[in-house]
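Here is the structure we will look at.
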There are 4 protein chains.
Amino acid sequence: MAANAKVEVGILGATGVVGQRFLALLDGHPWFEPVWLAASDRSSGKSYAEAARWRLSIPLPARFAALPVFEAKPGGNCPRVIFAALDAVAAKELEPAFASAGHIVITNSSALRMWPDVPLLVPECNPDHLELIRRQNSYTKTRGFAVANPNCSTVGLVMALAPLHQNFGLETVMVTTMQAVSGAGYPGVASLDILANVVPYIGGEEEKMEYEAQKILGKLSSAGIEPAPFAVSASCNRVPVVDGHLESVSIKLRSPARREDVAAAMRNFRGRPQELDLPSAPPRPLLVTEAPDRPQPRFDAETGVGLRAGMAASVGRLRPCPVLDYKFTVLSHNTLRGAAGAALLNAELLRAEGWL
Amino acid sequence: MAANAKVEVGILGATGVVGQRFLALLDGHPWFEPVWLAASDRSSGKSYAEAARWRLSIPLPARFAALPVFEAKPGGNCPRVIFAALDAVAAKELEPAFASAGHIVITNSSALRMWPDVPLLVPECNPDHLELIRRQNSYTKTRGFAVANPNCSTVGLVMALAPLHQNFGLETVMVTTMQAVSGAGYPGVASLDILANVVPYIGGEEEKMEYEAQKILGKLSSAGIEPAPFAVSASCNRVPVVDGHLESVSIKLRSPARREDVAAAMRNFRGRPQELDLPSAPPRPLLVTEAPDRPQPRFDAETGVGLRAGMAASVGRLRPCPVLDYKFTVLSHNTLRGAAGAALLNAELLRAEGWL
Amino acid sequence: MAANAKVEVGILGATGVVGQRFLALLDGHPWFEPVWLAASDRSSGKSYAEAARWRLSIPLPARFAALPVFEAKPGGNCPRVIFAALDAVAAKELEPAFASAGHIVITNSSALRMWPDVPLLVPECNPDHLELIRRQNSYTKTRGFAVANPNCSTVGLVMALAPLHQNFGLETVMVTTMQAVSGAGYPGVASLDILANVVPYIGGEEEKMEYEAQKILGKLSSAGIEPAPFAVSASCNRVPVVDGHLESVSIKLRSPARREDVAAAMRNFRGRPQELDLPSAPPRPLLVTEAPDRPQPRFDAETGVGLRAGMAASVGRLRPCPVLDYKFTVLSHNTLRGAAGAALLNAELLRAEGWL
Amino acid sequence: MAANAKVEVGILGATGVVGQRFLALLDGHPWFEPVWLAASDRSSGKSYAEAARWRLSIPLPARFAALPVFEAKPGGNCPRVIFAALDAVAAKELEPAFASAGHIVITNSSALRMWPDVPLLVPECNPDHLELIRRQNSYTKTRGFAVANPNCSTVGLVMALAPLHQNFGLETVMVTTMQAVSGAGYPGVASLDILANVVPYIGGEEEKMEYEAQKILGKLSSAGIEPAPFAVSASCNRVPVVDGHLESVSIKLRSPARREDVAAAMRNFRGRPQELDLPSAPPRPLLVTEAPDRPQPRFDAETGVGLRAGMAASVGRLRPCPVLDYKFTVLSHNTLRGAAGAALLNAELLRAEGWL
């Protein structure tokens, strides 16, 4: 491959909301070119424009409209690198099959996230976890492997926690989420359920946040990932917001720290994506504001420009907690940094680190 | 006064959202009859229908429409018992003036809530705090006094905490609120701020919740109220909901308790209003549900019938907390149990206990 | 049947949103007692509480929770009188089958509305259309028959038009609707489609409004219903409102009329339900307001008490139209007067007129 | 002035919602440079960042944050060209004063729109109306003058009507609007009024639409503007949408036209801004869609890139009207094409035509 040739990629689950975000982000991406779209049997055989009910406010890029939608199975003209945006049930079956067939599966689904040998990757937080890839059976046999990004409600939290964990050690994390409806896909949340309402329950979400955060910030050892030694308690709520998960967080640190040190640790947080200046890397992963009433989903979730829009997490209201040490509010864009953008940043890191 | 004669009452701040709720609740109340309405200078001299921009979905009771609106000062034909729904600044000046002039001020404002001699009353939780009245200067001199109800975000929390504190002792409380726009009055929250958005800040609200909870559940001693010995940490958010404050709560108990014991303590919670069968008393102060995704503001905030509608708090999702002991969700109606209904229940208790 | 014995009724499609409204309204109804609930195969065999995802803010009446859900077919213990809340496809097959089997089918679906022999009934507007029943084949053979109520967006319009048509003659009607999400059932409209948005299209709705209005206000002759001789143009939009269809209407009259005469015709409009004082009849079918900015869905849709709540249509902003003659806004509750309440009022009229 | 030097401009009413949009659009504008900001007395003396409560989701351009806010009066360092975003009362007094003092006032307010000598400009529709400027008193005396853009609900309508009027002649226009809350400024519409609700009234709006449309599409003669000879009837509603006014329109043409001709006239519509390729000119003023359920405010209002975003109007659902000739839905962005972007396009036309 020429140094600047684009990597051809496929998309599994291309017609759903996250699949649509993949296409929107990949349109004009400097490194990747979508050439193969696959979806459920119901869609295969149609053109993409026919098969997908496009739900983004940016229009469907014209050059993708006529692409055929294929059946979701390995082989044929399916390229080696696959972005996967399947539902968890389909993912559990198809993603390992693609990896075993030699494909590199960069997945947004929850199916493989907690598999011991699958990196649950937030490139700013745990790029070293990519080493897990070598332990995957498929990698040994076919050089195929899978890399996952976290749940949309986990990623903003973990980005805010990472610099605190690195600098002061985390002992305890309590988080209450107010999550946007786009996190549930399309059609997802019924309007009759959520208009002028809050639903204090999202199935499986609290458990995901609790164990994913520990894995992402865990230590890689010869035995695998050792979960980070802090307790997490999550309470998850759905609110009538379109995009952007807002979270009220309280934390207890292992080493005492002044407010300004906590704020500085967040502000100064940088990682491999920033070092490598990856195309989707936000210049600063954490935008810390001193405005009294920010961040807010409608105003702050999509901050940034081009591929970097919606890739930073915003932190505000950092203040002492009367029970633990500090409280703050964190916001991240759930279908960008929390889904398609996360997988894309993972792919960029994989390429920059020579895995593709 | 004949045993069944109604007590004539006045309303200070009658034209605002809480004042309107007072009128709606007092229309047909078996014990109280509104005869005197007062509001800001701008309104005085008009009829109530002219002065108030009626914002409830139930219509303005016809017999109040023509009542004149008076200036907000003691004297004249102002009756002894006054419901007060003023903003905090006006309240701080006017409420003590009314009490000193011999009036009984049953207030919803925050102005006097933390005054050491003013009972911050939730009739199910601390009816014994009424004894504080005797220590008020105005009571000694003129038999006038003031009684306050808590902030709209405090009352649901405290109702859920009371049986836990009584039965097991509370050590720690963490709460994140998702509050309805009606809590900010009218016009209150601008639609441009809150449509499809969450605002993670409500000025002064977190402090109010933290210290009010400790006062309400505190112990009456000869020295005054000793704050309850538990730490409270509150994070307050505004959500696009009309009525009903939803709160995600985690608590640590002093004595270990099984989940069923915690649930039973809540379910079995009763207080003086239930004993006395006060007209606005909910039969059960806490409605504990096992439904996985309830309570929800639009469906559950106004549960109940007549005067008792919206007077119970709803509790759901009681489950272990990985950090503290238990987590649950509590919902209460912010302009009924959290404002006008709270003051009315206070008035009913005062009458039943012989204070009026 | 004893004079005051209740009529036993069944409900087809009992688990949907309209089916739920039927149960809520029939709980405590003086004339009807639900004894048989039926739904799709998927639900049959379960208890009602298991089969239905209850979506009303009033709780499921306890005595219905344990009722078994039957298969939707005639025979067995299915009573003679059936309320039907099926989707149009199922209705088209099942409703005629029930009528042929001797049942009286009081349906909310669109399937039979335009059948020439089926009365499309708004009891205030066209009670004489009940005579069509005698022409139904099923009636001749088994005394079974069907009676339909109009589409939820038609009924408020027609109620406002009826007195104008009766008094002045209508020549032209133009209407733009802003319809609540509950009109689409559950799950119905996806929140991603409607949050902070308007969808300017509801499949089939405009056609329904246009021809239903003409049938309802049409003349019964020996040849059937002669459609009313006015043109109707409807533009239908979905808005993020829970309950209540709001419609901007302009009309041209055949005889000139002053504004006060138009208003008086609306205010004075009464029909058979008011004459007979049917249990669900609103005392006044049309509530005409002079407030500049009413009616509004959240404040006015459910006006009224008990069974009569949400059964009147509200009219406001009556003013000259620079193109036609007059403009006004009409609001009606789409799941009460526009669905379950409409069918119930039809049933009440049928009983009062001796058809049951 | 060098050919490519930027024109220095001032902004009257810089701190309001429209003023903020001016700054956002002027940041990086190729022709104009804001150097002077003015607002009410309350703000003057502060820095812009202090004085304005920034309500856009794009951040306040850093280089404007420190600009001082001046008193709103002519003279001092106030530049010749002024964008005005004052409320109508202030505008009525200040705008003529600025024009008399030799300033060119490009105003968004309603104050002067119907003044006979003030062009009510939509550059695609009536660029020839600029000739009115020569008749303004201030122009004769000081070369100062005023140019207005229409009301936010008028502009999308007029853009859709213009090609129909030009090609087929318009006889009658009926329009029902569903308007976004940002059209009312900030704080504007109270959330308690509009959450899950529709308000069927916007003060003065219907009259504005009715007479502004006739003026804009009117003929310039020596006697002034002769209003276009079609009747307009508008019904205006406020809906819970952030940005984007949606309108259901029915029209009667003077010459019969087939649907494809009507659609083609709209699609092919171009004007002076497109000829001149003005920086804010949308490549096509009207985007005509055949999608059954578009345009929609959240998805389509801001279509376009950079300065051209939100400057086209979107038309959909073109279909026969059973009463008049055709019906369609039109959408335009109320604070871009309907306010700040409109004024900016006016300024661009003025400069390109040599008036600045």
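Starting from 1 in every chain, residues are counted up; chains themselves are A, B, ... following the order of the structure tokens, and ligands are numbered from 1 as listed.
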#### Entry: Residue list for chain D near chain A as number ranges by chain, 10 Å, only C-alpha atoms
D: 55-59, 195-196, 296-304
Write to file, as a compact mmCIF listing (two decimals), in the first residue's frame, the residues of the selection just made, with C-alpha atoms.
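Generated output (part12.txt):
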# COMPACT_ATOMS: atom_id res chain seq x y z
CA ARG D 55 -27.01 31.86 23.55
CA LEU D 56 -25.58 30.25 20.40
CA SER D 57 -24.10 26.79 20.27
CA ILE D 58 -21.10 28.10 18.35
CA PRO D 59 -18.81 29.87 20.81
CA LEU D 195 -43.07 22.63 26.71
CA ALA D 196 -45.23 19.91 25.11
CA GLN D 296 -38.44 19.43 9.03
CA PRO D 297 -37.01 22.17 11.26
CA ARG D 298 -34.46 20.11 13.18
CA PHE D 299 -33.11 18.41 10.08
CA ASP D 300 -33.44 20.98 7.33
CA ALA D 301 -33.46 24.53 8.72
CA GLU D 302 -29.71 25.05 8.72
CA THR D 303 -28.90 23.32 5.43
CA GLY D 304 -25.85 24.75 3.70
Neighbours of Gln179 of chain B within 6 Å (only C-alpha atoms; same-chain residues fewer than 4 positions away dropped), as a VMD selection string?
chain B and resid 238 to 239 245
| field | Backbone-only DSSP, strand (DSSP E or B) members of segment 19-129 of chain A, as a ChimeraX atom specification | value | /A:32-39,47,68-71,81-84,104-107,120
Next item on the list: Would you work out the distance separating atom CA of Glu171 of chain B from atom CA of Phe168 of chain A, expressed in Å to one decimal?
Entry: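 Separation of atom CA of Glu171 of chain B and atom CA of Phe168 of chain A: 25.7 Å.
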Just the residues within 8 Å of Phe64 of chain A, please, counting only C-alpha atoms, with nothing from its chain fewer than 3 positions along; format it as a compact mmCIF listing (two decimals) with N, CA, C and O atoms, in the first residue's frame.
# COMPACT_ATOMS: atom_id res chain seq x y z
N LEU A 23 -20.75 6.70 8.06
CA LEU A 23 -20.66 7.20 6.69
C LEU A 23 -20.42 8.71 6.66
O LEU A 23 -19.61 9.21 5.88
N TYR A 48 -28.01 1.76 -0.78
CA TYR A 48 -27.97 2.29 0.57
C TYR A 48 -29.08 3.31 0.80
O TYR A 48 -29.74 3.30 1.84
N ALA A 49 -29.31 4.17 -0.19
CA ALA A 49 -30.35 5.19 -0.03
C ALA A 49 -31.73 4.58 0.17
O ALA A 49 -32.56 5.10 0.91
N LEU A 60 -27.12 12.77 3.53
CA LEU A 60 -26.40 11.57 3.10
C LEU A 60 -25.44 11.95 1.97
O LEU A 60 -25.87 12.47 0.94
N PRO A 61 -24.14 11.72 2.17
CA PRO A 61 -23.19 12.03 1.08
C PRO A 61 -23.60 11.32 -0.20
O PRO A 61 -23.85 10.10 -0.21
N LEU A 67 -24.42 3.04 -3.26
CA LEU A 67 -23.67 1.82 -2.91
C LEU A 67 -24.64 0.70 -2.59
O LEU A 67 -25.65 0.92 -1.92
Q) Hey, which of B:Ala339, B:Val262, B:Leu12, B:Cys321 ends up closest to Val81 of chain B? Count only C-alpha atoms. A)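 Counting only C-alpha atoms, the residue closest to Val81 of chain B is B:Leu12.
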Which polymer residues have any atom within 12 Å of an atom of Val89 of chain A, counting only C-alpha atoms, with same-chain residues fewer than 6 positions away left out, as a PyMOL selection string? chain A and resi 95+109-112
Between atom CA of Ile106 of chain A and atom CA of Gly156 of chain A lies a distance of 19.2 Å
Excluding Thr15 of chain A and any residue of its chain fewer than 6 positions from it, enumerate the residues within 10 Å of it, using only C-alpha atoms, and give them as a PDB file with N, CA and C atoms, in the first residue's frame.
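Ended up saving to around-v1.pdb:
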ATOM      1  N   ARG A  21     -23.730   7.569  11.062  1.00  0.00           N
ATOM      2  CA  ARG A  21     -22.669   8.443  11.562  1.00  0.00           C
ATOM      3  C   ARG A  21     -21.316   8.013  10.973  1.00  0.00           C
ATOM      4  N   PHE A  22     -21.089   6.689  10.850  1.00  0.00           N
ATOM      5  CA  PHE A  22     -19.842   6.222  10.242  1.00  0.00           C
ATOM      6  C   PHE A  22     -19.695   6.811   8.843  1.00  0.00           C
ATOM      7  N   LEU A  23     -20.745   6.700   8.058  1.00  0.00           N
ATOM      8  CA  LEU A  23     -20.662   7.201   6.689  1.00  0.00           C
ATOM      9  C   LEU A  23     -20.419   8.706   6.662  1.00  0.00           C
ATOM     10  N   LEU A  37     -20.783  -1.940   2.280  1.00  0.00           N
ATOM     11  CA  LEU A  37     -21.785  -1.687   3.328  1.00  0.00           C
ATOM     12  C   LEU A  37     -22.619  -2.940   3.508  1.00  0.00           C
ATOM     13  N   ALA A  38     -22.838  -3.312   4.735  1.00  0.00           N
ATOM     14  CA  ALA A  38     -23.663  -4.496   4.979  1.00  0.00           C
ATOM     15  C   ALA A  38     -24.687  -4.200   6.060  1.00  0.00           C
ATOM     16  N   ALA A  39     -25.820  -4.885   5.953  1.00  0.00           N
ATOM     17  CA  ALA A  39     -26.862  -4.721   6.970  1.00  0.00           C
ATOM     18  C   ALA A  39     -27.655  -6.016   7.046  1.00  0.00           C
ATOM     19  N   SER A  40     -28.746  -5.969   7.733  1.00  0.00           N
ATOM     20  CA  SER A  40     -29.559  -7.172   7.913  1.00  0.00           C
ATOM     21  C   SER A  40     -30.095  -7.666   6.566  1.00  0.00           C
ATOM     22  N   SER A  43     -32.319  -5.612   4.300  1.00  0.00           N
ATOM     23  CA  SER A  43     -31.775  -4.500   3.513  1.00  0.00           C
ATOM     24  C   SER A  43     -30.921  -4.971   2.358  1.00  0.00           C
ATOM     25  N   TYR A  48     -28.005   1.760  -0.779  1.00  0.00           N
ATOM     26  CA  TYR A  48     -27.969   2.292   0.571  1.00  0.00           C
ATOM     27  C   TYR A  48     -29.083   3.306   0.802  1.00  0.00           C
ATOM     28  N   ALA A  49     -29.310   4.165  -0.188  1.00  0.00           N
ATOM     29  CA  ALA A  49     -30.347   5.194  -0.034  1.00  0.00           C
ATOM     30  C   ALA A  49     -31.725   4.577   0.166  1.00  0.00           C
ATOM     31  N   GLU A  50     -31.957   3.434  -0.482  1.00  0.00           N
ATOM     32  CA  GLU A  50     -33.240   2.757  -0.281  1.00  0.00           C
ATOM     33  C   GLU A  50     -33.318   2.086   1.086  1.00  0.00           C
ATOM     34  N   ALA A  51     -32.205   1.507   1.491  1.00  0.00           N
ATOM     35  CA  ALA A  51     -32.233   0.658   2.686  1.00  0.00           C
ATOM     36  C   ALA A  51     -32.231   1.456   3.985  1.00  0.00           C
ATOM     37  N   ALA A  52     -31.612   2.640   3.957  1.00  0.00           N
ATOM     38  CA  ALA A  52     -31.446   3.380   5.215  1.00  0.00           C
ATOM     39  C   ALA A  52     -32.483   4.482   5.341  1.00  0.00           C
ATOM     40  N   ARG A  53     -33.039   4.635   6.518  1.00  0.00           N
ATOM     41  CA  ARG A  53     -33.848   5.818   6.798  1.00  0.00           C
ATOM     42  C   ARG A  53     -32.899   6.819   7.446  1.00  0.00           C
ATOM     43  N   TRP A  54     -32.371   7.695   6.622  1.00  0.00           N
ATOM     44  CA  TRP A  54     -31.308   8.623   7.049  1.00  0.00           C
ATOM     45  C   TRP A  54     -31.823   9.570   8.124  1.00  0.00           C
ATOM     46  N   ARG A  55     -31.199   9.584   9.267  1.00  0.00           N
ATOM     47  CA  ARG A  55     -31.699  10.341  10.421  1.00  0.00           C
ATOM     48  C   ARG A  55     -30.755  11.438  10.902  1.00  0.00           C
ATOM     49  N   VAL A  69     -26.100  -2.556  -0.684  1.00  0.00           N
ATOM     50  CA  VAL A  69     -26.010  -3.087   0.674  1.00  0.00           C
ATOM     51  C   VAL A  69     -25.882  -4.605   0.579  1.00  0.00           C
ATOM     52  N   ALA A  85     -21.374  -1.768  13.646  1.00  0.00           N
ATOM     53  CA  ALA A  85     -22.384  -1.032  14.404  1.00  0.00           C
ATOM     54  C   ALA A  85     -23.648  -1.884  14.471  1.00  0.00           C
ATOM     55  N   LEU A  86     -23.450  -3.132  14.844  1.00  0.00           N
ATOM     56  CA  LEU A  86     -24.568  -4.076  14.932  1.00  0.00           C
ATOM     57  C   LEU A  86     -25.213  -4.012  16.308  1.00  0.00           C
TER      58      LEU A  86
END
Segment 328-334 of chain C environment, 8 Å, only C-alpha atoms, sequence neighbours closer than 2 positions dropped, as a tab-separated table (two decimals) with N, CA, C and O atoms, in the first residue's frame:
chain	number	residue	atom	x	y	z
C	152	CYS	N	-59.17	10.98	14.67
C	152	CYS	CA	-58.96	11.90	15.79
C	152	CYS	C	-58.79	13.34	15.34
C	152	CYS	O	-59.07	14.26	16.11
C	153	SER	N	-58.33	13.57	14.14
C	153	SER	CA	-58.16	14.96	13.70
C	153	SER	C	-59.42	15.50	13.04
C	153	SER	O	-59.56	16.70	12.84
C	155	VAL	N	-62.65	14.93	14.25
C	155	VAL	CA	-63.80	15.12	15.13
C	155	VAL	C	-63.91	16.54	15.68
C	155	VAL	O	-65.00	17.13	15.69
C	156	GLY	N	-62.77	17.11	16.11
C	156	GLY	CA	-62.81	18.49	16.61
C	156	GLY	C	-63.23	19.46	15.52
C	156	GLY	O	-64.06	20.35	15.73
C	157	LEU	N	-62.68	19.24	14.34
C	157	LEU	CA	-63.04	20.09	13.21
C	157	LEU	C	-64.54	20.05	12.93
C	157	LEU	O	-65.21	21.07	12.81
C	160	ALA	N	-66.76	21.81	15.35
C	160	ALA	CA	-66.77	23.27	15.16
C	160	ALA	C	-67.53	23.66	13.90
C	160	ALA	O	-68.17	24.72	13.86
C	180	ALA	N	-50.91	15.81	18.18
C	180	ALA	CA	-50.14	15.24	19.29
C	180	ALA	C	-49.63	13.85	18.94
C	180	ALA	O	-50.22	13.14	18.13
C	182	SER	N	-49.66	11.17	20.72
C	182	SER	CA	-50.48	10.04	21.15
C	182	SER	C	-51.45	9.61	20.06
C	182	SER	O	-51.96	8.49	20.10
C	183	GLY	N	-51.68	10.46	19.09
C	183	GLY	CA	-52.52	10.08	17.96
C	183	GLY	C	-51.94	8.96	17.13
C	183	GLY	O	-52.66	8.30	16.37
C	243	ASP	N	-50.92	15.14	24.22
C	243	ASP	CA	-52.34	14.93	23.92
C	243	ASP	C	-52.97	16.24	23.45
C	243	ASP	O	-52.75	17.28	24.06
C	244	GLY	N	-53.80	16.16	22.42
C	244	GLY	CA	-54.54	17.34	22.00
C	244	GLY	C	-54.15	17.78	20.60
C	244	GLY	O	-53.02	18.21	20.38
C	245	HIS	N	-55.07	17.68	19.67
C	245	HIS	CA	-54.83	18.12	18.30
C	245	HIS	C	-55.34	19.55	18.16
C	245	HIS	O	-56.52	19.83	18.40
C	246	LEU	N	-54.44	20.44	17.76
C	246	LEU	CA	-54.79	21.84	17.55
C	246	LEU	C	-54.89	22.09	16.05
C	246	LEU	O	-54.07	21.60	15.29
C	247	GLU	N	-55.89	22.85	15.63
C	247	GLU	CA	-56.10	23.06	14.21
C	247	GLU	C	-56.42	24.52	13.91
C	247	GLU	O	-57.27	25.12	14.56
C	248	SER	N	-55.70	25.06	12.93
C	248	SER	CA	-55.99	26.42	12.42
C	248	SER	C	-56.94	26.26	11.25
C	248	SER	O	-56.61	25.62	10.26
C	249	VAL	N	-58.11	26.89	11.35
C	249	VAL	CA	-59.17	26.67	10.38
C	249	VAL	C	-59.60	27.99	9.75
C	249	VAL	O	-59.67	29.01	10.43
C	250	SER	N	-59.84	27.98	8.45
C	250	SER	CA	-60.48	29.11	7.77
C	250	SER	C	-61.70	28.57	7.04
C	250	SER	O	-61.64	27.50	6.43
C	295	PRO	N	-57.36	28.20	22.46
C	295	PRO	CA	-56.98	27.08	23.33
C	295	PRO	C	-55.56	26.61	23.06
C	295	PRO	O	-55.02	26.79	21.99
C	296	GLN	N	-54.99	25.97	24.09
C	296	GLN	CA	-53.67	25.37	24.00
C	296	GLN	C	-53.75	23.92	24.47
C	296	GLN	O	-54.39	23.63	25.48
C	297	PRO	N	-53.05	23.02	23.78
C	297	PRO	CA	-53.22	21.59	24.11
C	297	PRO	C	-52.94	21.26	25.58
C	297	PRO	O	-53.74	20.58	26.22
C	300	ASP	N	-55.79	23.04	27.78
C	300	ASP	CA	-57.22	23.01	27.50
C	300	ASP	C	-57.76	21.69	26.96
C	300	ASP	O	-58.98	21.53	26.87
C	301	ALA	N	-56.90	20.76	26.57
C	301	ALA	CA	-57.41	19.57	25.88
C	301	ALA	C	-58.31	18.71	26.76
C	301	ALA	O	-59.27	18.13	26.28
C	302	GLU	N	-57.98	18.66	28.04
C	302	GLU	CA	-58.71	17.70	28.89
C	302	GLU	C	-59.75	18.39	29.77
C	302	GLU	O	-60.21	17.83	30.77
C	310	GLY	N	-62.33	16.15	28.52
C	310	GLY	CA	-61.77	15.95	27.18
C	310	GLY	C	-62.80	15.62	26.12
C	310	GLY	O	-62.43	15.17	25.04
C	311	MET	N	-64.09	15.85	26.40
C	311	MET	CA	-65.13	15.51	25.42
C	311	MET	C	-65.66	16.74	24.68
C	311	MET	O	-66.32	16.60	23.65
C	312	ALA	N	-65.37	17.92	25.17
C	312	ALA	CA	-65.74	19.13	24.42
C	312	ALA	C	-64.58	19.53	23.52
C	312	ALA	O	-63.43	19.20	23.79
C	313	ALA	N	-64.88	20.21	22.46
C	313	ALA	CA	-63.83	20.85	21.66
C	313	ALA	C	-63.76	22.32	22.07
C	313	ALA	O	-64.78	22.91	22.44
C	314	SER	N	-62.54	22.87	22.05
C	314	SER	CA	-62.37	24.27	22.41
C	314	SER	C	-62.09	25.09	21.16
C	314	SER	O	-61.28	24.69	20.33
C	315	VAL	N	-62.75	26.23	21.08
C	315	VAL	CA	-62.58	27.11	19.93
C	315	VAL	C	-62.11	28.47	20.42
C	315	VAL	O	-62.61	29.00	21.41
C	316	GLY	N	-61.13	29.03	19.74
C	316	GLY	CA	-60.65	30.36	20.11
C	316	GLY	C	-60.22	31.12	18.87
C	316	GLY	O	-60.24	30.61	17.75
C	317	ARG	N	-59.85	32.36	19.09
C	317	ARG	CA	-59.30	33.22	18.04
C	317	ARG	C	-60.24	33.36	16.84
C	317	ARG	O	-59.77	33.49	15.70
C	318	LEU	N	-61.53	33.35	17.07
C	318	LEU	CA	-62.47	33.57	15.97
C	318	LEU	C	-62.28	35.00	15.46
C	318	LEU	O	-62.41	35.96	16.22
C	319	ARG	N	-61.95	35.14	14.18
C	319	ARG	CA	-61.64	36.46	13.63
C	319	ARG	C	-61.85	36.40	12.13
C	319	ARG	O	-61.87	35.31	11.54
C	326	TYR	N	-64.05	33.53	7.86
C	326	TYR	CA	-63.60	33.56	9.25
C	326	TYR	C	-62.47	32.57	9.45
C	326	TYR	O	-62.38	31.56	8.76
C	336	LEU	N	-59.36	11.05	23.80
C	336	LEU	CA	-60.68	11.05	24.43
C	336	LEU	C	-61.73	11.35	23.35
C	336	LEU	O	-62.21	10.43	22.70
C	337	ARG	N	-62.03	12.62	23.08
C	337	ARG	CA	-63.05	12.90	22.05
C	337	ARG	C	-62.63	12.35	20.69
C	337	ARG	O	-63.47	12.11	19.83
C	338	GLY	N	-61.33	12.12	20.49
C	338	GLY	CA	-60.88	11.66	19.19
C	338	GLY	C	-60.77	10.16	19.07
C	338	GLY	O	-60.42	9.65	18.00
C	339	ALA	N	-61.09	9.40	20.11
C	339	ALA	CA	-60.93	7.95	20.00
C	339	ALA	C	-61.84	7.25	21.01
C	339	ALA	O	-63.03	7.03	20.74
D	200	PRO	N	-51.33	29.20	20.03
D	200	PRO	CA	-51.88	29.59	18.71
D	200	PRO	C	-51.95	31.09	18.53
D	200	PRO	O	-52.96	31.60	18.04
(Q) So that I can see what lies close to segment 143-146 of chain C, please list as a list of chain:residue names the residues with an atom at most 7 Å from it, counting only C-alpha atoms and leaving out residues fewer than 4 positions away in the same chain. (A) C:Ala99, C:Ser100, C:Ala101, C:Gly102, C:His103, C:Ile104, C:Val105, C:Ile106, C:Val118, C:Ile133, C:Gln136, C:Ser138, C:Tyr139
- atom CA of Asp293 of chain D to atom CA of Val199 of chain C: how many Å, to one decimal?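 Computed distance, atom CA of Asp293 of chain D to atom CA of Val199 of chain C, equals 6.4 Å.
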### Message
Give me, as a PyMOL selection string, the residues of segment 129-230 of chain A that a backbone DSSP run labels alpha helix (DSSP H).
### Response
chain A and resi 137-142+152-168+191-194+205-216
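Of the residues under consideration (B:Ala5, B:Leu276, B:Leu94, B:Leu170), B:Leu276 shows the shortest atom-to-atom contact distance to Pro127 of chain B when counting only C-alpha atoms.
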- prompt: For Thr176 of chain B, which residue among B:Ala148, B:Val232, B:Glu226, B:Leu345 is the nearest when counting only C-alpha atoms?
  reply: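 Of the candidates, the smallest distance to Thr176 of chain B is held by B:Val232.
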Task: Shortest interatomic distance to Ala234 of chain A - which of A:Val18, A:Met174, A:Ala347, A:Ile11, counting only C-alpha atoms - done: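 Selected residue with least distance to Ala234 of chain A: A:Met174.
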